[in-house]
Protein chains: 2
Amino acid sequence: MAIDYRQRRKTLRESFAGRDILILSATNVPRNYAANVYPFHQDATFRYYTGLNIPDAAIILSADGRETLFVTKPDADDYIWTGAVDSPDVLAARSGIENVGDYETIERSFDARMAWFTPYDAHLRERLARWLGVSAQAVRDHDEPELCRAIANQRLVKSAEEIAEMESAIALTKEMLAMAQTEMVAGRLESDVLAALLRPAIAAERAQSFEPIVTTHGETLHSTSYRNVLKSQDILLVDCGAESELGYCADITRTFSIGAWDSAKREIYDVVLKMQLAGIAKAGEKGASQYDVHMAACRVLTENLQALGLMKGDVEESLRAGAHALFMPHGIGHALGLDAHDMENFGDVVGYENGARRSTQFGLNALRFARQLKPGYVVTVEPGCYFIPALIEKWRSEHHLEQFICYEKVAKYNDMRGIRIEDDVVITDDGCRVLGPGIEK
Amino acid sequence: MAIDYRQRRKTLRESFAGRDILILSATNVPRNYAANVYPFHQDATFRYYTGLNIPDAAIILSADGRETLFVTKPDADDYIWTGAVDSPDVLAARSGIENVGDYETIERSFDARMAWFTPYDAHLRERLARWLGVSAQAVRDHDEPELCRAIANQRLVKSAEEIAEMESAIALTKEMLAMAQTEMVAGRLESDVLAALLRPAIAAERAQSFEPIVTTHGETLHSTSYRNVLKSQDILLVDCGAESELGYCADITRTFSIGAWDSAKREIYDVVLKMQLAGIAKAGEKGASQYDVHMAACRVLTENLQALGLMKGDVEESLRAGAHALFMPHGIGHALGLDAHDMENFGDVVGYENGARRSTQFGLNALRFARQLKPGYVVTVEPGCYFIPALIEKWRSEHHLEQFICYEKVAKYNDMRGIRIEDDVVITDDGCRVLGPGIEK
């Protein structure tokens, strides 16, 4: 089940005809000086079209069908420091590219009408500015939405080989979560859980799709501190995912209780689980969009929080006003692939279809992906319910949407913190399917 | 034993008088899109003068003595994603700075004669180019050796508080090595050892000073692949170091045998140990330079390899010609501090004293630090002996320095690979001292 990189490039050339296309690999990024770099992470688009996991390379796909791989010639002493590297010819053969060029002088092969997208890494923007003879600002401001859209439309639809890769990443993530659970004991630190969580991935030489979240304060949505001590009946939110061998991402969240569940926390957990099941069901409906999935989960949230006495009023009006965003200020999920937020470097051209704009309403403004779902799309479905003291206090003091929120009751949940449940879902011809071997929730 | 950041800044201002000084903090570096960043790593110079571990900040030390901390105002929604952050006033108070400014408009406070050094990170170079209204190339080409020298002369001399920090980092590194040893069993992978090695540091929420080397192929000097299976009598080279709470680095290498030592490998190990002890003894001699330490170790290497029949000829001539570099192509060690290679981002202005130039001779050209050693300096002493098949074949086929090297005998060591032993040494008033709790070697 090898991936046909040649076919991928052909598809791109055909869907974006008439101009040369430049795609750059990532480079090594210095952490504090040139010889001390972050772990290399390949640009997902370059990897998608070449399969190569090397820095300082590029491809030019010419309008006339000619393909050239530009690579950096190794220094004479490189083999002493980093060992033998593959020759340019070997790399070209591996990716099915016929021609090889020198990355150092790639600008000689640039055509004035060549299409390229702005790199997320300033080190590459600096090079492009030099090669193109333009200012750094011009590189930043460069916009090539049609190219990004062509790439997005291709990368969003996952093949069977890609799904298999993602499921292997999820299988490893399941192992990570199982190992993490062995440390979920009162008295341990969040960082003890993190160390256990990472161990299977490090042993398998697999990177993380993103810095794991392991926190008893799930209401801080992107917490990357791990210093809290676990206490009995704390809830511990773990959001993590390994990469597959080819770099495809898993992204899974589970929320655990340290010891037996507190009954009030369990009630909220059950609400979130209902939200997730409703979201997944909606994702399987023909023609549904990720926006619909978001709203389906928010409807379940609103109805259930009304039943618990935390919200009130007309459900439709409450949903339109975005009152539920007090409890779920983020989006229901994003596209997943070679990036954890697939192609988010291209901006909303990926997450929002031609003409559609991201809402400015609090909550919906954090919905990264809203498109109509099509067979082969992989998205996360990750509802949560959070009690964020500073946000609650802000809304309450402003009497914000008080026709829908029972602030007095909400105050009693001040230390409830945050719960989220997340799976990765592939859209199929007749519905959708949760990826992976099944992870208890 | 708190560090007096105010005094540090005063010392810098006084040793570099008459001009304003700009020092930037690091920023978050995107790994594949803006919301997925590498673990934040502070710029060591900014941390040295402020103690602050925050992104997107700066200080301006004015020639008239006025100090201003520029910080980024949190976005309204930041607390939802990253939790509460310290206010600008709290940050300023913590670093003992009187005035606070807005990082977003820092360029309004720039003086035309202001001194600054080129950031190692292109994201900051891009900002500087915008603020200064110059090209990215002009920022890259900017040279301020007097400022770098003033900072280097200060940062090179470690106080008692700094030594204590470094020893705490080495103590944790000792724990890491002990944990790693539990996995040094035939049949395990190098990555299994890595996973065990990292666990105590992750549990302590401490970063690594650099990506650890854990390899049965120590002859690849900067190997960061971990996929080899450990076999009986393999030698396993582990080069790693945790950071302390304040970001000071440890850097320790030990070479282990999987099971009992093979006698030929043990002979080479003992040579390396003699090299290290000779290097440390030299570092303790009054007036010695790190160049002298390098040559002392290379002399022991040459003498001992002659005794083993691997080298021959006049020892002095052999040393002058650099014949030993076939077996040790790197330098004996570097300065250590808030950076693993302390201040290597400033270039050789740090490692080589005014007027001195790095040698172009193979081997010596990789000596990153050659200065005369002074009390308070911390350097690594890390000799090694390597048998690099491609390098040996290159020299042999060119008959390179064949008056000093017994290529026929060397060929018998083709699978010896590489051994290194490294400790961190502080220069004292009457000698030197190996830092840390003592790690068996």
# chains A, B, ... in the order shown; residues from 1 in each chain; ligands from 1
$ interface_residues --of "chain B" --to "chain A" --cutoff "7 Å" --atoms "only C-alpha atoms" --output "number ranges by chain"
B: 30-34, 36, 41, 43, 80-83, 120-123, 126, 135-136, 191-192, 195, 199, 202-205, 210, 220-223, 344-345
$ residues_around --residues "Ile332 in chain A" --least-positions-apart "2" --cutoff "7 Å" --atoms "only C-alpha atoms" --output "number ranges by chain"
A: 294, 330, 367, 381-383
$ write_last_selection --atoms "N, CA, C and O atoms" --output "compact mmCIF listing (two decimals), in the first residue's frame"
# COMPACT_ATOMS: atom_id res chain seq x y z
N HIS A 294 -20.90 21.31 14.79
CA HIS A 294 -20.70 22.22 15.92
C HIS A 294 -22.04 22.57 16.57
O HIS A 294 -22.21 22.45 17.79
N HIS A 330 -14.77 27.10 22.31
CA HIS A 330 -13.98 26.71 21.13
C HIS A 330 -14.85 25.99 20.11
O HIS A 330 -16.03 25.72 20.35
N LEU A 367 -14.12 28.47 15.56
CA LEU A 367 -14.38 27.28 14.74
C LEU A 367 -13.44 27.33 13.53
O LEU A 367 -13.62 28.12 12.61
N VAL A 381 -13.94 15.47 16.38
CA VAL A 381 -15.18 15.87 17.05
C VAL A 381 -14.85 15.91 18.53
O VAL A 381 -14.62 14.87 19.15
N GLU A 382 -14.74 17.14 19.05
CA GLU A 382 -14.16 17.31 20.38
C GLU A 382 -14.90 18.36 21.19
O GLU A 382 -14.36 19.43 21.49
N PRO A 383 -16.15 18.03 21.55
CA PRO A 383 -16.89 18.96 22.41
C PRO A 383 -16.31 18.98 23.82
O PRO A 383 -15.63 18.04 24.24
$ select_by_dssp --residues "range 184-426 of chain B" --states "strand (DSSP E)" --output "ChimeraX atom specification"
/B:213-215,235-240,252-257,378-381,384-386,418-420,423-426
$ closest_residue --among "A:Asn99, A:Thr302, A:Ser109, A:Asn53" --to "Val85 in chain A" --atoms "only C-alpha atoms"
A:Asn53
$ atom_distance --atom1 "CA of Ser244 in chain B" --atom2 "CA of Gly96 in chain B"
22.0 Å
$ select_by_dssp --residues "range 164-250 of chain A" --states "alpha helix (DSSP H)" --output "count of residues only"
32
$ closest_atom_pairs --of "range 307-337 of chain A" --to "range 149-167 of chain A" --cutoff "12 Å" --atoms "only C-alpha atoms" --output "JSON lines"
{"residue": "A:His334", "atom": "CA", "partner": "A:Leu156", "partner_atom": "CA", "distance": 11.1}
{"residue": "A:Ala335", "atom": "CA", "partner": "A:Leu156", "partner_atom": "CA", "distance": 7.5}
{"residue": "A:Leu336", "atom": "CA", "partner": "A:Leu156", "partner_atom": "CA", "distance": 8.2}
{"residue": "A:Gly337", "atom": "CA", "partner": "A:Leu156", "partner_atom": "CA", "distance": 7.6}
